[in-house]
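Asker: This is the structure I have questions about; it appears just below.
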Amino acid sequence: MSEAAEGATAGFLVWRLSMKWRVAVDRAVAPLGLTHAQYALLASLYGMGRTGERPSQRRLADHTGLEPLYVSKLARALEAAGLLARTRDPGDPRAMQLTLTEQGRDVTRRAITVVQGLLDQMLEPLGGQDSPRAHQFTRDLVALLDAPLDPHAENEKEQP
């Protein structure tokens with residue numbers, strides 16, 4: 001166990017792992033002209049597009065866990081770079097639908113390959129991506145992500 005992890009809380013370790021991952025992805029996708037946040041948006045859009053979905057910015061924000069305003073800012077920058085297209089949603093004129101351009105699909109496929117290599121490295125101590133431990137780790141992460149977090153819940157319990 002690393003020195004930083006000795007006696008650490010689960011919250012601290014989740015934070016450290018998320019920071020380690022973000023920095024690694026930032027460095028890995030930088031040669032493609034992307035940041036970690038841009039990669040997360042493009043890769044999510046790529047996956048959703050493969051199922052035929054043309055998500056709105058709001059739907060993509062919900063999917064990625066990014067703030068809607070930040071998704072809007074990222075989408076505008078990625079549109080200016082020629083990687084995605086933003087069009088008005090015919091069902092809701094206030095909403096913007098997002099799709100990857102051909103260049104966007106190409107860059108995203110290359111970025112996904114690079115990030116998959118990082119994922120292989122990260123999960124190697126658990127036996128690799130296809131190991132039972134890695135599958136259990138993934139299930140545990142899903143359970144944690146599904147757990148509701150309300151920063152005000154404890155304060156409400158304490159009040160008479």
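Letters for chains follow the order of the structure tokens (A, B, ...), residue numbers begin at 1 for each chain, and ligand numbers begin at 1 in the order shown.
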So that I can check the surroundings of Gln97 in chain A, please list as a ChimeraX atom specification every protein, DNA and RNA residue that reaches within 8 Å of it, counting only C-alpha atoms and ignoring chain neighbours fewer than 5 positions away.
Answerer: /A:54-57,86-89
Asker: With N, CA, C and O atoms kept, could you save the residues just selected as an mmCIF file, in the first residue's frame?
Answerer:
data_model
loop_
_atom_site.group_PDB
_atom_site.id
_atom_site.type_symbol
_atom_site.label_atom_id
_atom_site.label_comp_id
_atom_site.auth_asym_id
_atom_site.auth_seq_id
_atom_site.Cartn_x
_atom_site.Cartn_y
_atom_site.Cartn_z
ATOM 1 N N ARG A 54 -29.226 10.829 -30.580
ATOM 2 C CA ARG A 54 -28.678 12.174 -30.826
ATOM 3 C C ARG A 54 -29.028 12.999 -29.596
ATOM 4 O O ARG A 54 -30.038 13.697 -29.577
ATOM 5 N N PRO A 55 -28.194 12.907 -28.570
ATOM 6 C CA PRO A 55 -28.563 13.525 -27.289
ATOM 7 C C PRO A 55 -28.534 15.042 -27.324
ATOM 8 O O PRO A 55 -27.786 15.655 -28.094
ATOM 9 N N SER A 56 -29.345 15.604 -26.471
ATOM 10 C CA SER A 56 -29.278 17.046 -26.237
ATOM 11 C C SER A 56 -28.085 17.307 -25.321
ATOM 12 O O SER A 56 -27.521 16.383 -24.714
ATOM 13 N N GLN A 57 -27.708 18.564 -25.227
ATOM 14 C CA GLN A 57 -26.627 18.924 -24.312
ATOM 15 C C GLN A 57 -27.002 18.518 -22.893
ATOM 16 O O GLN A 57 -26.162 18.020 -22.143
ATOM 17 N N ARG A 86 -23.691 21.031 -33.540
ATOM 18 C CA ARG A 86 -24.817 21.352 -32.657
ATOM 19 C C ARG A 86 -25.963 21.824 -33.533
ATOM 20 O O ARG A 86 -25.791 22.730 -34.336
ATOM 21 N N THR A 87 -27.126 21.190 -33.389
ATOM 22 C CA THR A 87 -28.309 21.596 -34.153
ATOM 23 C C THR A 87 -29.493 21.709 -33.211
ATOM 24 O O THR A 87 -29.537 21.042 -32.169
ATOM 25 N N ARG A 88 -30.427 22.544 -33.584
ATOM 26 C CA ARG A 88 -31.649 22.694 -32.773
ATOM 27 C C ARG A 88 -32.425 21.383 -32.782
ATOM 28 O O ARG A 88 -32.563 20.728 -33.817
ATOM 29 N N ASP A 89 -32.925 21.025 -31.622
ATOM 30 C CA ASP A 89 -33.759 19.837 -31.478
ATOM 31 C C ASP A 89 -35.142 20.160 -32.038
ATOM 32 O O ASP A 89 -35.777 21.106 -31.581
#
Asker: Using backbone DSSP assignments, extract all strand (DSSP E) residues from range 1-159 of chain A; output them as an mmCIF file with N, CA, C and O atoms, in the first residue's frame.
Answerer:
data_model
loop_
_atom_site.group_PDB
_atom_site.id
_atom_site.type_symbol
_atom_site.label_atom_id
_atom_site.label_comp_id
_atom_site.auth_asym_id
_atom_site.auth_seq_id
_atom_site.Cartn_x
_atom_site.Cartn_y
_atom_site.Cartn_z
ATOM 1 N N LEU A 84 -17.645 18.316 -33.511
ATOM 2 C CA LEU A 84 -19.060 17.990 -33.348
ATOM 3 C C LEU A 84 -19.925 19.071 -33.951
ATOM 4 O O LEU A 84 -19.466 20.182 -34.213
ATOM 5 N N ALA A 85 -21.161 18.693 -34.184
ATOM 6 C CA ALA A 85 -22.151 19.627 -34.727
ATOM 7 C C ALA A 85 -23.260 19.798 -33.699
ATOM 8 O O ALA A 85 -23.683 18.826 -33.068
ATOM 9 N N ARG A 86 -23.691 21.031 -33.540
ATOM 10 C CA ARG A 86 -24.817 21.352 -32.657
ATOM 11 C C ARG A 86 -25.963 21.824 -33.533
ATOM 12 O O ARG A 86 -25.791 22.730 -34.336
ATOM 13 N N THR A 87 -27.126 21.190 -33.389
ATOM 14 C CA THR A 87 -28.309 21.596 -34.153
ATOM 15 C C THR A 87 -29.493 21.709 -33.211
ATOM 16 O O THR A 87 -29.537 21.042 -32.169
ATOM 17 N N ARG A 88 -30.427 22.544 -33.584
ATOM 18 C CA ARG A 88 -31.649 22.694 -32.773
ATOM 19 C C ARG A 88 -32.425 21.383 -32.782
ATOM 20 O O ARG A 88 -32.563 20.728 -33.817
ATOM 21 N N ASP A 89 -32.925 21.025 -31.622
ATOM 22 C CA ASP A 89 -33.759 19.837 -31.478
ATOM 23 C C ASP A 89 -35.142 20.160 -32.038
ATOM 24 O O ASP A 89 -35.777 21.106 -31.581
ATOM 25 N N ASP A 92 -37.762 20.351 -29.347
ATOM 26 C CA ASP A 92 -37.617 21.370 -28.319
ATOM 27 C C ASP A 92 -36.668 22.444 -28.841
ATOM 28 O O ASP A 92 -35.448 22.290 -28.793
ATOM 29 N N PRO A 93 -37.210 23.535 -29.369
ATOM 30 C CA PRO A 93 -36.364 24.561 -29.994
ATOM 31 C C PRO A 93 -35.359 25.209 -29.048
ATOM 32 O O PRO A 93 -34.430 25.855 -29.487
ATOM 33 N N ARG A 94 -35.525 25.026 -27.745
ATOM 34 C CA ARG A 94 -34.546 25.572 -26.789
ATOM 35 C C ARG A 94 -33.335 24.648 -26.649
ATOM 36 O O ARG A 94 -32.286 25.078 -26.191
ATOM 37 N N ALA A 95 -33.487 23.385 -27.020
ATOM 38 C CA ALA A 95 -32.440 22.385 -26.810
ATOM 39 C C ALA A 95 -31.564 22.231 -28.052
ATOM 40 O O ALA A 95 -32.018 22.406 -29.183
ATOM 41 N N MET A 96 -30.298 21.900 -27.795
ATOM 42 C CA MET A 96 -29.358 21.636 -28.879
ATOM 43 C C MET A 96 -29.019 20.143 -28.888
ATOM 44 O O MET A 96 -28.689 19.578 -27.849
ATOM 45 N N GLN A 97 -29.124 19.535 -30.070
ATOM 46 C CA GLN A 97 -28.713 18.146 -30.232
ATOM 47 C C GLN A 97 -27.264 18.131 -30.692
ATOM 48 O O GLN A 97 -26.829 19.004 -31.450
ATOM 49 N N LEU A 98 -26.520 17.107 -30.251
ATOM 50 C CA LEU A 98 -25.109 17.009 -30.577
ATOM 51 C C LEU A 98 -24.836 15.744 -31.380
ATOM 52 O O LEU A 98 -25.364 14.684 -31.075
ATOM 53 N N THR A 99 -23.991 15.885 -32.391
ATOM 54 C CA THR A 99 -23.518 14.740 -33.170
ATOM 55 C C THR A 99 -22.051 14.966 -33.507
ATOM 56 O O THR A 99 -21.609 16.103 -33.657
ATOM 57 N N LEU A 100 -21.332 13.864 -33.618
ATOM 58 C CA LEU A 100 -19.927 13.957 -34.013
ATOM 59 C C LEU A 100 -19.833 14.184 -35.518
ATOM 60 O O LEU A 100 -20.622 13.640 -36.281
#
Asker: List the neighbours of Leu34 in chain A out to 10 Å using only C-alpha atoms; skip same-chain residues closer than 4 positions along the sequence, and give me the result as a PyMOL selection string.
Answerer: chain A and resi 25-30+38-40+42+78+107-108+111
Asker: Write the selection just made, keeping all heavy atoms, as a compact mmCIF listing (two decimals), in the first residue's frame?
Answerer:
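Written output follows (selection.txt):
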# COMPACT_ATOMS: atom_id res chain seq x y z
N VAL A 25 -5.45 10.74 -18.22
CA VAL A 25 -6.21 10.90 -19.46
C VAL A 25 -5.87 12.24 -20.11
O VAL A 25 -5.68 12.30 -21.33
CB VAL A 25 -7.73 10.75 -19.22
CG1 VAL A 25 -8.52 11.11 -20.47
CG2 VAL A 25 -8.06 9.32 -18.78
N ASP A 26 -5.76 13.30 -19.32
CA ASP A 26 -5.37 14.60 -19.87
C ASP A 26 -4.06 14.48 -20.65
O ASP A 26 -3.96 14.97 -21.78
CB ASP A 26 -5.18 15.64 -18.76
CG ASP A 26 -6.39 16.52 -18.53
OD1 ASP A 26 -7.21 16.68 -19.45
OD2 ASP A 26 -6.52 17.07 -17.42
N ARG A 27 -3.08 13.85 -20.05
CA ARG A 27 -1.77 13.70 -20.71
C ARG A 27 -1.86 12.81 -21.94
O ARG A 27 -1.20 13.07 -22.95
CB ARG A 27 -0.75 13.14 -19.73
CG ARG A 27 -0.36 14.14 -18.67
CD ARG A 27 0.63 13.56 -17.69
NE ARG A 27 0.97 14.56 -16.68
CZ ARG A 27 1.42 14.26 -15.49
NH1 ARG A 27 1.61 13.02 -15.13
NH2 ARG A 27 1.71 15.23 -14.63
N ALA A 28 -2.65 11.77 -21.86
CA ALA A 28 -2.73 10.80 -22.96
C ALA A 28 -3.44 11.37 -24.19
O ALA A 28 -3.07 11.05 -25.32
CB ALA A 28 -3.43 9.53 -22.49
N VAL A 29 -4.47 12.20 -23.98
CA VAL A 29 -5.24 12.70 -25.12
C VAL A 29 -4.77 14.08 -25.58
O VAL A 29 -5.22 14.56 -26.62
CB VAL A 29 -6.76 12.71 -24.84
CG1 VAL A 29 -7.28 11.30 -24.56
CG2 VAL A 29 -7.14 13.66 -23.72
N ALA A 30 -3.84 14.70 -24.85
CA ALA A 30 -3.33 16.01 -25.25
C ALA A 30 -2.74 16.01 -26.66
O ALA A 30 -2.99 16.96 -27.42
CB ALA A 30 -2.30 16.51 -24.24
N GLN A 38 -13.11 17.07 -22.48
CA GLN A 38 -13.52 16.97 -23.88
C GLN A 38 -13.59 15.50 -24.31
O GLN A 38 -14.52 15.10 -25.01
CB GLN A 38 -12.55 17.73 -24.78
CG GLN A 38 -12.64 19.23 -24.63
CD GLN A 38 -11.54 19.95 -25.37
OE1 GLN A 38 -10.42 19.45 -25.52
NE2 GLN A 38 -11.86 21.15 -25.84
N TYR A 39 -12.61 14.71 -23.87
CA TYR A 39 -12.63 13.29 -24.20
C TYR A 39 -13.90 12.63 -23.62
O TYR A 39 -14.57 11.87 -24.31
CB TYR A 39 -11.39 12.57 -23.65
CG TYR A 39 -11.56 11.08 -23.70
CD1 TYR A 39 -11.44 10.39 -24.90
CD2 TYR A 39 -11.90 10.35 -22.56
CE1 TYR A 39 -11.65 9.01 -24.96
CE2 TYR A 39 -12.11 9.00 -22.61
CZ TYR A 39 -11.99 8.33 -23.81
OH TYR A 39 -12.21 6.98 -23.87
N ALA A 40 -14.21 12.93 -22.36
CA ALA A 40 -15.40 12.34 -21.73
C ALA A 40 -16.66 12.67 -22.51
O ALA A 40 -17.52 11.80 -22.74
CB ALA A 40 -15.52 12.82 -20.28
N LEU A 42 -16.82 13.61 -25.81
CA LEU A 42 -16.77 12.99 -27.14
C LEU A 42 -16.98 11.48 -27.08
O LEU A 42 -17.72 10.92 -27.89
CB LEU A 42 -15.43 13.29 -27.83
CG LEU A 42 -15.22 14.74 -28.26
CD1 LEU A 42 -13.78 14.94 -28.73
CD2 LEU A 42 -16.20 15.15 -29.34
N LEU A 78 -15.72 22.38 -29.04
CA LEU A 78 -15.55 21.22 -29.92
C LEU A 78 -16.18 21.45 -31.29
O LEU A 78 -15.69 20.96 -32.30
CB LEU A 78 -16.11 19.96 -29.25
CG LEU A 78 -15.32 19.49 -28.02
CD1 LEU A 78 -16.12 18.47 -27.23
CD2 LEU A 78 -13.96 18.94 -28.43
N VAL A 107 -11.09 11.30 -34.45
CA VAL A 107 -10.32 11.69 -33.26
C VAL A 107 -10.80 10.89 -32.05
O VAL A 107 -9.98 10.42 -31.24
CB VAL A 107 -10.43 13.21 -33.01
CG1 VAL A 107 -9.88 13.60 -31.64
CG2 VAL A 107 -9.71 13.98 -34.11
N THR A 108 -12.10 10.73 -31.91
CA THR A 108 -12.65 10.01 -30.76
C THR A 108 -12.23 8.54 -30.78
O THR A 108 -11.85 7.99 -29.74
CB THR A 108 -14.18 10.15 -30.72
OG1 THR A 108 -14.52 11.54 -30.67
CG2 THR A 108 -14.76 9.45 -29.51
N ALA A 111 -8.71 8.44 -29.61
CA ALA A 111 -8.63 8.73 -28.18
C ALA A 111 -9.12 7.54 -27.35
O ALA A 111 -8.51 7.22 -26.31
CB ALA A 111 -9.45 9.98 -27.85
Asker: If you count only C-alpha atoms, which residues fall within 7 Å of range 129-145 of chain A, apart from same-chain ones fewer than 3 positions away, as a count of residues only?
Answerer: 3
Asker: What does the structure give for the distance between CA of Ala153 in chain A and CA of Trp15 in chain A, in Å to one decimal?
Answerer: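 Computing the Euclidean distance for CA of Ala153 in chain A and CA of Trp15 in chain A yields 21.2 Å.
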Asker: Please measure the separation of CA of Ala81 in chain A and CA of Thr101 in chain A, giving the value in Å to one decimal.
Answerer: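 Interatomic distance here is 10.3 Å.
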Asker: Take CA of Met122 in chain A and CA of Ser18 in chain A and report the distance between them in Å, one decimal.
Answerer: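 According to the coordinates, CA of Met122 in chain A and CA of Ser18 in chain A are separated by 11.6 Å.
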Asker: Pull the helix (DSSP H, G or I) assignments for chain A out of DSSP run on the backbone, and list those residues as a ChimeraX atom specification.
Answerer: /A:3-5,10-32,36-50,57-64,68-80,102-126,132-146,153-158
Asker: Choose the residue, out of A:His152, A:Val114, A:Gly127, A:Gln121, that has the smallest atom-to-atom separation from Leu32 in chain A; count only C-alpha atoms.
Answerer: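 Result for the nearest residue to Leu32 in chain A: A:Val114.
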Asker: Nearest residue to Gly47 in chain A out of A:Val23, A:Ile112, A:Leu83, A:Ala75, using only C-alpha atoms?
Answerer: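 For Gly47 in chain A, the nearest of the candidates is A:Ile112.
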